[in-house]
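Visitor: Questions regarding the structure given below will be posed in turn.
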Amino acid sequence: RNFGTMSEEKKKVVIVTGGSGLVGKAIEEVVTKDPQWTNSNETWIFLGSKDGDLTSKEDTKAIFEKHKPTHVIHLAAMVGGLFRNMKYPVEFYRQNTFINDNVLQCSKDYKVEKLVSCLSTCIFPDKTPYPITEQMIHNGPPHPSNEGYAYAKRMIDSANRWYNTEFNCNFTSVIPTNIYGKYDNFNLEDSHVIPGLIHKLYLAKKENKEFVAWGSGKPLRQFIYSKDLAKLMVWVMRDYKEVDPIILSVGEEDEVSIRDVAEKIAGAMGYEKEKIVWDTSKSDGQFKKTASNEKLRKYLPDFKFTPFDEAITETVQWFEANYE
């Protein structure tokens, strides 16, 4: 079917906060370039930090006043790697709480028809049975390393329900697993696993050195390509009717080991995978954090995820073309 059809034909104005990041760029590509997902009744506006400070009530109000959105996809957040999260829990809690409160409150005040916020799997309880489902979000404290961020994000889910009960607002949220793709943060200090490996392997290849990876490479993760996530978020905005969140992820059967990821990146780059050395004296972190995509599959049984090899190759090529 064509995902571009909307039930009612009135003009829609969609603002995307955090629109210049990994997911925002992917949504922009999907709704402007993929004929299956474009819709002439929608005007899309991608906002970055230059368009206003969402921690400020005044700035946020001015953005809503200017664009008068009918729909909002809320991606903006203060994010950082493990080290920064542990060092600045107060800042991560407060900044994200301000941003979310302003976006939700303005969405109510300006009678936005639908608000979709993006959460993260790091908000789930640290001690939990697997696979994780949408119902488990509030079942226990998150991992202590990013509590400030995790609690601020969790509150979006609670607030969505409260706004619905009290004001009949149509607010919902999505929970993606590990996202990767073009326009990611490839910074060596605080990037996630795939962009970090791409950057490090690129340098190892350039310097013709062996590459020492931390840990055993055995832990398993579910990765979602930014372009696939973008399509699913557009579907959520147009067609998903629940207030309760939905996990957007590949299935449990598509979990890959970190070792596999490193070898596939090496392959896409033309770096001999024999040159990757695993330093098992370094800790592995959690072995798995499997999330269930059963709810997503109930709605979209036929959605095709981009094959991992293909998506990794596209990401590597983008990095090689854009690395300064």
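How things are named: the first chain in the structure tokens is A, the next is B, and so on; residues count from 1 in each chain; ligands count from 1 in the order shown.
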Tell me, which residues of range 81-294 of chain A carry DSSP alpha helix (DSSP H), written as JSON, numbers by chain?
Guide: {"A": [82, 83, 84, 85, 86, 87, 89, 90, 91, 92, 93, 94, 95, 96, 97, 98, 99, 100, 101, 102, 103, 104, 105, 106, 107, 108, 109, 147, 148, 149, 150, 151, 152, 153, 154, 155, 156, 157, 158, 159, 160, 161, 162, 163, 164, 165, 166, 167, 193, 194, 195, 196, 197, 198, 199, 200, 201, 202, 203, 204, 205, 206, 226, 227, 228, 229, 230, 231, 232, 233, 234, 235, 236, 237, 238, 239, 258, 259, 260, 261, 262, 263, 264, 265, 266, 267, 268, 269, 294]}
Visitor: Could you build a table of the residues in range 215-305 of chain A lying no more than 12 Å from range 40-43 of chain A, giving for each the nearest pair of atoms and their separation in Å rounded to one decimal place, using only C-alpha atoms, ordered by chain and ascending residue number, as a tab-separated table?
Guide:
residue	atom	partner	partner_atom	distance
A:Val234	CA	A:Glu42	CA	11.3
A:Met237	CA	A:Glu42	CA	11.7
A:Arg238	CA	A:Glu42	CA	10.7
Visitor: Using only C-alpha atoms, which protein or nucleic acid residues come within 9 Å of range 83-85 of chain A? Drop anything in the same chain fewer than 4 positions from it, and give the result as a list in words.
Guide: Val79, Pro89, Glu91, Phe92, Ser145, Asn146, Glu147, Gly148, Tyr149 and Asp190 of chain A
Visitor: Would you pick out the contacts of range 61-73 of chain A at 10 Å or less, using only C-alpha atoms, so that residues sharing its chain but fewer than 3 positions from it are not included, and give the list as a PDB file with C-alpha atoms, in the first residue's frame?
Guide:
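See part33.pdb below for the written result:
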ATOM      1  CA  LYS A  11      -3.446  20.509   4.848  1.00  0.00           C
ATOM      2  CA  LYS A  12      -1.042  19.486   7.561  1.00  0.00           C
ATOM      3  CA  VAL A  13       1.913  21.376   8.954  1.00  0.00           C
ATOM      4  CA  VAL A  14       4.445  19.104  10.624  1.00  0.00           C
ATOM      5  CA  ILE A  15       7.280  20.491  12.704  1.00  0.00           C
ATOM      6  CA  VAL A  16      10.183  18.226  13.621  1.00  0.00           C
ATOM      7  CA  THR A  17      12.217  19.341  16.646  1.00  0.00           C
ATOM      8  CA  GLY A  18      15.819  18.198  16.597  1.00  0.00           C
ATOM      9  CA  GLY A  19      15.353  18.106  12.839  1.00  0.00           C
ATOM     10  CA  GLY A  24      15.490  14.262  11.576  1.00  0.00           C
ATOM     11  CA  ILE A  27      12.734  11.715   8.033  1.00  0.00           C
ATOM     12  CA  GLU A  42       1.864  17.927   4.300  1.00  0.00           C
ATOM     13  CA  THR A  43       4.282  20.805   4.795  1.00  0.00           C
ATOM     14  CA  TRP A  44       7.342  19.633   6.736  1.00  0.00           C
ATOM     15  CA  ILE A  45       9.492  22.007   8.790  1.00  0.00           C
ATOM     16  CA  PHE A  46      12.764  20.717  10.244  1.00  0.00           C
ATOM     17  CA  LEU A  47      13.974  22.744  13.210  1.00  0.00           C
ATOM     18  CA  ASP A  51      15.598  28.119  15.214  1.00  0.00           C
ATOM     19  CA  GLY A  52      15.174  28.646  18.930  1.00  0.00           C
ATOM     20  CA  ASP A  53      16.036  27.248  22.350  1.00  0.00           C
ATOM     21  CA  LEU A  54      13.435  24.688  23.402  1.00  0.00           C
ATOM     22  CA  SER A  56      12.979  28.441  26.897  1.00  0.00           C
ATOM     23  CA  LYS A  57       9.199  28.777  27.173  1.00  0.00           C
ATOM     24  CA  GLU A  58       9.282  32.015  25.150  1.00  0.00           C
ATOM     25  CA  ALA A  76      15.105  17.298  20.343  1.00  0.00           C
ATOM     26  CA  ASN A 102       7.603  23.254  26.728  1.00  0.00           C
ATOM     27  CA  VAL A 103       6.924  21.090  23.658  1.00  0.00           C
ATOM     28  CA  LEU A 104       4.036  19.184  25.284  1.00  0.00           C
ATOM     29  CA  GLN A 105       2.423  22.280  26.791  1.00  0.00           C
ATOM     30  CA  CYS A 106       2.682  24.270  23.533  1.00  0.00           C
ATOM     31  CA  SER A 107       1.271  21.307  21.615  1.00  0.00           C
ATOM     32  CA  ASP A 109      -2.072  25.264  23.764  1.00  0.00           C
ATOM     33  CA  TYR A 110      -1.818  25.371  19.964  1.00  0.00           C
ATOM     34  CA  LYS A 111      -4.255  22.455  19.554  1.00  0.00           C
ATOM     35  CA  VAL A 112      -1.783  20.189  17.779  1.00  0.00           C
ATOM     36  CA  GLU A 113      -3.670  17.172  16.358  1.00  0.00           C
ATOM     37  CA  LYS A 114      -0.875  14.689  17.004  1.00  0.00           C
ATOM     38  CA  LEU A 115       2.432  14.778  18.859  1.00  0.00           C
ATOM     39  CA  VAL A 116       4.937  11.926  18.546  1.00  0.00           C
ATOM     40  CA  SER A 117       7.908  12.031  20.924  1.00  0.00           C
ATOM     41  CA  CYS A 118      11.000   9.882  20.661  1.00  0.00           C
ATOM     42  CA  ASN A 170      -3.476  12.987  21.042  1.00  0.00           C
ATOM     43  CA  PHE A 171       0.124  12.589  22.282  1.00  0.00           C
ATOM     44  CA  THR A 172       2.127   9.374  21.900  1.00  0.00           C
ATOM     45  CA  SER A 173       5.733   8.170  21.847  1.00  0.00           C
ATOM     46  CA  MET A 233       7.858   7.363  12.692  1.00  0.00           C
ATOM     47  CA  VAL A 234       5.982   8.885   9.758  1.00  0.00           C
ATOM     48  CA  VAL A 236       3.123   6.484  13.649  1.00  0.00           C
ATOM     49  CA  MET A 237       2.330  10.156  13.036  1.00  0.00           C
ATOM     50  CA  ARG A 238      -0.205   9.370  10.319  1.00  0.00           C
TER      51      ARG A 238
END
Visitor: May I ask for the distance between CA of Ser20 in chain A and CA of Trp318 in chain A, given in Å to one decimal place?
Guide: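 Taking CA of Ser20 in chain A and CA of Trp318 in chain A, their separation equals 16.2 Å.
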Visitor: Residues within 7 Å of Thr97 in chain A, please, as a list of chain:residue names. Count only C-alpha atoms; anything in the same chain fewer than 4 positions from it doesn't count.
Guide: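 Using only C-alpha atoms, the neighbours found are A:Tyr93, A:Asp101, A:Ala152.
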Visitor: Using C-alpha atoms, can you export the residues from the last selection as a compact mmCIF listing (two decimals), in the first residue's frame?
Guide:
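The result, stored in out-v9.txt:
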# COMPACT_ATOMS: atom_id res chain seq x y z
CA TYR A 93 17.44 15.79 33.92
CA ASP A 101 7.46 20.34 29.18
CA ALA A 152 13.18 12.93 32.06
Visitor: Taking only residues of range 186-255 of chain A that have an atom at most 9 Å from an atom of range 279-298 of chain A, what is each one's shortest atom pair and its distance in Å to one decimal, using only C-alpha atoms, in chain and number order, as CSV?
Guide:
residue,atom,partner,partner_atom,distance
A:Val212,CA,A:Asp279,CA,6.5
A:Ala213,CA,A:Asp279,CA,6.0
A:Trp214,CA,A:Asp279,CA,5.1
A:Gly215,CA,A:Thr280,CA,4.5
A:Ser216,CA,A:Thr280,CA,5.0
A:Gly217,CA,A:Asp284,CA,7.6
A:Lys218,CA,A:Phe287,CA,7.4
A:Pro219,CA,A:Phe287,CA,4.4
A:Leu220,CA,A:Lys288,CA,5.1
A:Arg221,CA,A:Lys288,CA,6.2
A:Gln222,CA,A:Thr290,CA,7.0
A:Ile246,CA,A:Leu296,CA,6.8
A:Ile247,CA,A:Asn293,CA,6.0
A:Leu248,CA,A:Asn293,CA,6.5
A:Ser249,CA,A:Asn293,CA,5.8
A:Val250,CA,A:Asn293,CA,6.6
A:Gly251,CA,A:Asn293,CA,5.7
A:Glu252,CA,A:Thr290,CA,6.5
A:Glu255,CA,A:Thr290,CA,7.9
Visitor: I need the residues of range 101-259 of chain A that end up classed as strand (DSSP E) by DSSP on the backbone, written out as a VMD selection string.
Guide: chain A and resid 114 to 118 171 to 176 178 to 180 211 to 214 220 to 221 223 to 225 246 to 248 256 to 257
Visitor: Those selected residues, please, written with N, CA, C and O atoms and delivered as a compact mmCIF listing (two decimals), in the first residue's frame.
Guide:
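The resulting file, selection.txt, is shown below:
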# COMPACT_ATOMS: atom_id res chain seq x y z
N LYS A 114 -1.62 15.90 16.64
CA LYS A 114 -0.88 14.69 17.00
C LYS A 114 0.56 15.07 17.33
O LYS A 114 1.21 15.78 16.57
N LEU A 115 1.04 14.58 18.46
CA LEU A 115 2.43 14.78 18.86
C LEU A 115 3.07 13.41 19.06
O LEU A 115 2.53 12.57 19.78
N VAL A 116 4.20 13.19 18.39
CA VAL A 116 4.94 11.93 18.55
C VAL A 116 6.31 12.26 19.11
O VAL A 116 7.10 12.96 18.47
N SER A 117 6.60 11.78 20.31
CA SER A 117 7.91 12.03 20.92
C SER A 117 8.77 10.78 20.83
O SER A 117 8.25 9.66 20.82
N CYS A 118 10.08 11.00 20.80
CA CYS A 118 11.00 9.88 20.66
C CYS A 118 11.66 9.58 22.01
O CYS A 118 12.33 10.45 22.59
N PHE A 171 -1.34 12.63 22.14
CA PHE A 171 0.12 12.59 22.28
C PHE A 171 0.55 11.13 22.43
O PHE A 171 -0.06 10.38 23.20
N THR A 172 1.61 10.74 21.74
CA THR A 172 2.13 9.37 21.90
C THR A 172 3.65 9.40 21.82
O THR A 172 4.26 10.46 21.68
N SER A 173 4.27 8.22 21.92
CA SER A 173 5.73 8.17 21.85
C SER A 173 6.20 6.86 21.22
O SER A 173 5.47 5.87 21.21
N VAL A 174 7.41 6.91 20.70
CA VAL A 174 8.04 5.71 20.11
C VAL A 174 9.33 5.43 20.87
O VAL A 174 9.96 6.34 21.40
N ILE A 175 9.71 4.15 20.90
CA ILE A 175 10.95 3.75 21.57
C ILE A 175 11.79 2.95 20.58
O ILE A 175 11.57 1.76 20.38
N PRO A 176 12.75 3.62 19.92
CA PRO A 176 13.60 2.89 18.99
C PRO A 176 14.73 2.17 19.73
O PRO A 176 15.13 2.59 20.82
N ASN A 178 18.85 0.68 19.04
CA ASN A 178 20.06 1.44 18.66
C ASN A 178 20.01 1.92 17.22
O ASN A 178 20.03 1.12 16.30
N ILE A 179 19.97 3.25 17.04
CA ILE A 179 19.82 3.84 15.71
C ILE A 179 21.20 4.12 15.10
O ILE A 179 22.12 4.51 15.82
N TYR A 180 21.32 3.92 13.81
CA TYR A 180 22.57 4.28 13.13
C TYR A 180 22.24 4.71 11.71
O TYR A 180 21.15 4.42 11.21
N PHE A 211 43.46 -3.15 14.65
CA PHE A 211 42.49 -2.40 15.43
C PHE A 211 42.16 -3.18 16.70
O PHE A 211 41.77 -4.34 16.64
N VAL A 212 42.34 -2.54 17.85
CA VAL A 212 42.02 -3.20 19.12
C VAL A 212 40.63 -2.78 19.58
O VAL A 212 40.38 -1.60 19.86
N ALA A 213 39.72 -3.75 19.61
CA ALA A 213 38.35 -3.48 20.05
C ALA A 213 38.21 -3.91 21.51
O ALA A 213 38.78 -4.92 21.92
N TRP A 214 37.42 -3.14 22.26
CA TRP A 214 37.24 -3.46 23.68
C TRP A 214 36.22 -4.57 23.88
O TRP A 214 35.16 -4.57 23.27
N LEU A 220 25.05 -8.90 22.30
CA LEU A 220 24.09 -8.79 21.18
C LEU A 220 23.30 -7.49 21.29
O LEU A 220 22.93 -7.07 22.38
N ARG A 221 23.04 -6.89 20.13
CA ARG A 221 22.23 -5.67 20.09
C ARG A 221 21.28 -5.69 18.89
O ARG A 221 21.57 -6.32 17.87
N PHE A 223 19.84 -3.25 16.10
CA PHE A 223 20.13 -1.95 15.49
C PHE A 223 19.03 -1.63 14.48
O PHE A 223 18.57 -2.52 13.77
N ILE A 224 18.64 -0.35 14.44
CA ILE A 224 17.67 0.05 13.44
C ILE A 224 18.27 1.16 12.57
O ILE A 224 18.83 2.14 13.09
N TYR A 225 18.19 0.97 11.27
CA TYR A 225 18.74 1.93 10.31
C TYR A 225 17.87 3.19 10.36
O TYR A 225 16.64 3.10 10.38
N ILE A 246 5.14 2.71 21.41
CA ILE A 246 5.38 1.54 20.58
C ILE A 246 6.90 1.43 20.35
O ILE A 246 7.56 2.43 20.04
N ILE A 247 7.41 0.22 20.56
CA ILE A 247 8.84 -0.04 20.33
C ILE A 247 9.06 -0.20 18.83
O ILE A 247 8.35 -0.97 18.17
N LEU A 248 10.00 0.56 18.28
CA LEU A 248 10.33 0.45 16.86
C LEU A 248 11.69 -0.22 16.74
O LEU A 248 12.73 0.36 17.07
N VAL A 256 22.36 -8.69 16.44
CA VAL A 256 23.70 -9.02 15.94
C VAL A 256 24.73 -8.80 17.04
O VAL A 256 24.54 -7.94 17.92
N SER A 257 25.82 -9.56 16.99
CA SER A 257 26.87 -9.39 17.98
C SER A 257 27.74 -8.22 17.56
O SER A 257 27.85 -7.89 16.38
Visitor: I'd like the interatomic distance between CA of Gly267 in chain A and CA of Phe305 in chain A, to a tenth of an Å.
Guide: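 Computed distance, CA of Gly267 in chain A to CA of Phe305 in chain A, equals 20.7 Å.
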Visitor: Give the answer as one residue: which of A:Ala230, A:Lys182, A:Gly140, A:Lys10 has the shortest atom-to-atom distance to Pro125 in chain A, using only C-alpha atoms?
Guide: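 Closest residue, counting only C-alpha atoms: A:Gly140.
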